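Structure first, then comments.
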Amino acid sequence: MNASSLRYLIKEGFKNTWTNRMMTFASICVLLSCLVLIGSAGMIFLNINSLVDRIEDENVIMVYIADKKEDETAVTQEDIDAMEQQLTGIANVEKVEFVSKEEAWAEQLETMEDAQAQFFTEITTDIPLPNAFKVTVTDLAQFSDTVSAIKQLDYIDTVRENTDLAKKLDTISHGISIIAIVIIAVLFAISLFIISNTIRLAVYSRRLEISIMKSVGATNSFVRLPFVVEGLIIGIISAVVSLGVVWGVYILALRQFSYLLDSIRLVPLNFADYALYMLLAFLAIGIISGVGGSLITMRRYLNKEGSEISAI
């Protein structure tokens, strides 16, 4: 196939898209509906996952440092620094933050009423809180093992953690991922099935044209390419329009449910941060559905050379 033939077939693909605009519009609407559902489901699960991640970040391990060693000598700053290095060296530890007892006591006083805070500051100059480390873990699935490793270190008074919450959050996070994958996969399969059947109707209405082309010696590639171009156009148009629709629906939903989101302290994600990734995903799904649907449907008619003419 030379360059002039290729240009002719691509031009025919664009021309046929307009000539059969009703079927093209129907195909775009079907694919648009599926992509909007996929995009909406994706943004819902991304926001839920963001909320879970935020709760995970707050589920830290508080490691309180003892004031004295076993030999009753005071724990020095060098001991605390060495302990921080040991904590940082634990495999599942993402971040270690030292919280001095002075800082913790100042924060505690800020939560009290003025009279109560004044009473505690006047009654004694001693700070009734220990120094501590706030430890953030990387993987909640290894939360229990990380807590066990921390408890083996020296100079620890107590360790405050919530293993049950960590396990629940880890289960929720995995569950959200699985549900999102399943829903998106099902919607993709549905979109491919529906678009294939829609394109099949378009091809069926032009079966005589295909038979004539085959009868005069056109190759399968020559016959197939205009339909592939049509599928490509349908996929691209559907992807771009779907992105705009999902974006609009997302902004509208945020406005309608702003009070509910504030009540559960959920900060919604900025759609613009995910727009490019969603557009690329929509383009991939749209092109695969449009081109794939055309190729699947064309296979049946490419093997019926002249049959439609004979039936006339």
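Chain identifiers are assigned as A, B, and so on, following the order in which chains appear in the structure tokens; residues are numbered from 1 within each chain, and ligands are numbered from 1 in order of appearance.
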
**Report entry** For Ser177 (chain A): contacts at 10 Å, only C-alpha atoms, fewer than 5 positions along chain excluded, given as a list in words
**Finding:** Phe45, Leu46, Asn49, Ile172 and Val182 of chain A

For the residues in that selection, give me all heavy atoms as a compact mmCIF listing (two decimals), in the first residue's frame.
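After the write, out-v8.txt holds the following:
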```
# COMPACT_ATOMS: atom_id res chain seq x y z
N PHE A 45 -13.03 6.46 44.28
CA PHE A 45 -12.11 5.58 44.99
C PHE A 45 -10.79 6.28 45.31
O PHE A 45 -10.17 6.00 46.34
CB PHE A 45 -11.86 4.31 44.18
CG PHE A 45 -13.01 3.35 44.20
CD1 PHE A 45 -13.73 3.08 43.04
CD2 PHE A 45 -13.40 2.73 45.36
CE1 PHE A 45 -14.81 2.21 43.05
CE2 PHE A 45 -14.48 1.86 45.40
CZ PHE A 45 -15.18 1.60 44.23
N LEU A 46 -10.35 7.21 44.47
CA LEU A 46 -9.13 7.97 44.78
C LEU A 46 -9.33 8.84 46.01
O LEU A 46 -8.44 8.95 46.87
CB LEU A 46 -8.75 8.84 43.58
CG LEU A 46 -8.06 8.15 42.40
CD1 LEU A 46 -7.90 9.11 41.23
CD2 LEU A 46 -6.70 7.59 42.82
N ASN A 49 -9.48 6.53 49.05
CA ASN A 49 -8.12 6.07 49.35
C ASN A 49 -7.29 7.19 49.98
O ASN A 49 -6.46 6.95 50.86
CB ASN A 49 -7.45 5.58 48.07
CG ASN A 49 -6.24 4.72 48.35
OD1 ASN A 49 -6.32 3.72 49.06
ND2 ASN A 49 -5.11 5.10 47.80
N ILE A 172 -8.93 -2.21 54.80
CA ILE A 172 -9.75 -1.28 54.02
C ILE A 172 -9.00 -0.83 52.77
O ILE A 172 -9.58 -0.77 51.67
CB ILE A 172 -10.13 -0.06 54.88
CG1 ILE A 172 -11.10 -0.48 55.99
CG2 ILE A 172 -10.77 1.04 54.03
CD1 ILE A 172 -11.39 0.62 56.99
N VAL A 182 -11.74 -4.12 40.04
CA VAL A 182 -12.82 -4.95 39.52
C VAL A 182 -13.86 -4.10 38.78
O VAL A 182 -14.28 -4.43 37.66
CB VAL A 182 -13.50 -5.74 40.66
CG1 VAL A 182 -14.78 -6.41 40.17
CG2 VAL A 182 -12.54 -6.79 41.21
```

Using only C-alpha atoms, the residue out of A:Val75, A:Val60, A:Leu261, A:Ala239 with shortest distance to Leu140 (chain A) is A:Val60

#### Entry: Best match for closeness to Ile251 (chain A) among A:Pro268, A:Gly42, A:Gly290, A:Gly235, counting only C-alpha atoms
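The shortest atom-to-atom distance to Ile251 (chain A) comes from A:Pro268.
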
**DSSP helix (DSSP H, G or I) residues within region 45-273 of chain A, listed as an NGL selection string** = :A and (45-58 or 77-88 or 101-110 or 114-123 or 140-151 or 163-205 or 207-215 or 220-256 or 258-263 or 272-273)

One decimal place gives the CA of Gln108 (chain A)-CA of Leu129 (chain A) separation as 9.9 Å

If you count only C-alpha atoms, the residue of A:Asn92, A:Asp114, A:Val241, A:Val228 closest to Leu31 (chain A) turns out to be A:Val241

Original post:
In Å, how far is it from CA of Asn20 (chain A) to CA of Glu230 (chain A)?
Top reply: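 If I compute the distance from CA of Asn20 (chain A) to CA of Glu230 (chain A), I get 10.0 Å.
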
Counting only C-alpha atoms, what is within 8 Å of Val229 (chain A), bar same-chain residues fewer than 4 positions away, as an mmCIF file with C-alpha atoms, in the first residue's frame?
```cif
data_model
loop_
_atom_site.group_PDB
_atom_site.id
_atom_site.type_symbol
_atom_site.label_atom_id
_atom_site.label_comp_id
_atom_site.auth_asym_id
_atom_site.auth_seq_id
_atom_site.Cartn_x
_atom_site.Cartn_y
_atom_site.Cartn_z
ATOM 1 C CA ILE A 10 -7.575 7.865 5.964
ATOM 2 C CA GLY A 13 -12.343 7.146 7.206
ATOM 3 C CA PHE A 14 -12.974 10.784 8.151
ATOM 4 C CA LEU A 225 -8.389 0.809 7.293
ATOM 5 C CA ILE A 233 -11.918 9.016 15.737
ATOM 6 C CA VAL A 291 -10.352 0.236 16.875
#
```

Min atom-atom distance to Ala149 (chain A) from the set A:Val240, A:Leu87, A:Ala106, A:Ala281, counting only C-alpha atoms, belongs to A:Leu87

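Coordinates place CA of Tyr274 (chain A) at a distance of 27.5 Å from CA of Ala141 (chain A).
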
- prompt: Leaving out Thr158 (chain A) and any residue of its chain fewer than 3 positions from it, which residues lie within 9 Å of it when counting only C-alpha atoms, given as an MDAnalysis selection string?
  reply: chainID A and resid 62:66 151

So which residues touch Val135 (chain A) within 12 Å, counting only C-alpha atoms, skipping near sequence neighbours fewer than 6 positions away, as a PyMOL selection string? chain A and resi 57-64+84+86-90+92-99+143+146-147+150+159-161

Check: Of the candidates A:Tyr250, A:Phe222, A:Phe133, A:Tyr277, which one gets nearest to Asp81 (chain A) if we count only C-alpha atoms?
Finding: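 Checking each of A:Tyr250, A:Phe222, A:Phe133, A:Tyr277 against Asp81 (chain A), counting only C-alpha atoms, the winner is A:Phe133.
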
Proximity to Ile38 (chain A) - best of A:Thr73, A:Ser144, A:Thr171, A:Ser242, only C-alpha atoms
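Residue with the minimum atom-to-atom distance to Ile38 (chain A): A:Ser242.
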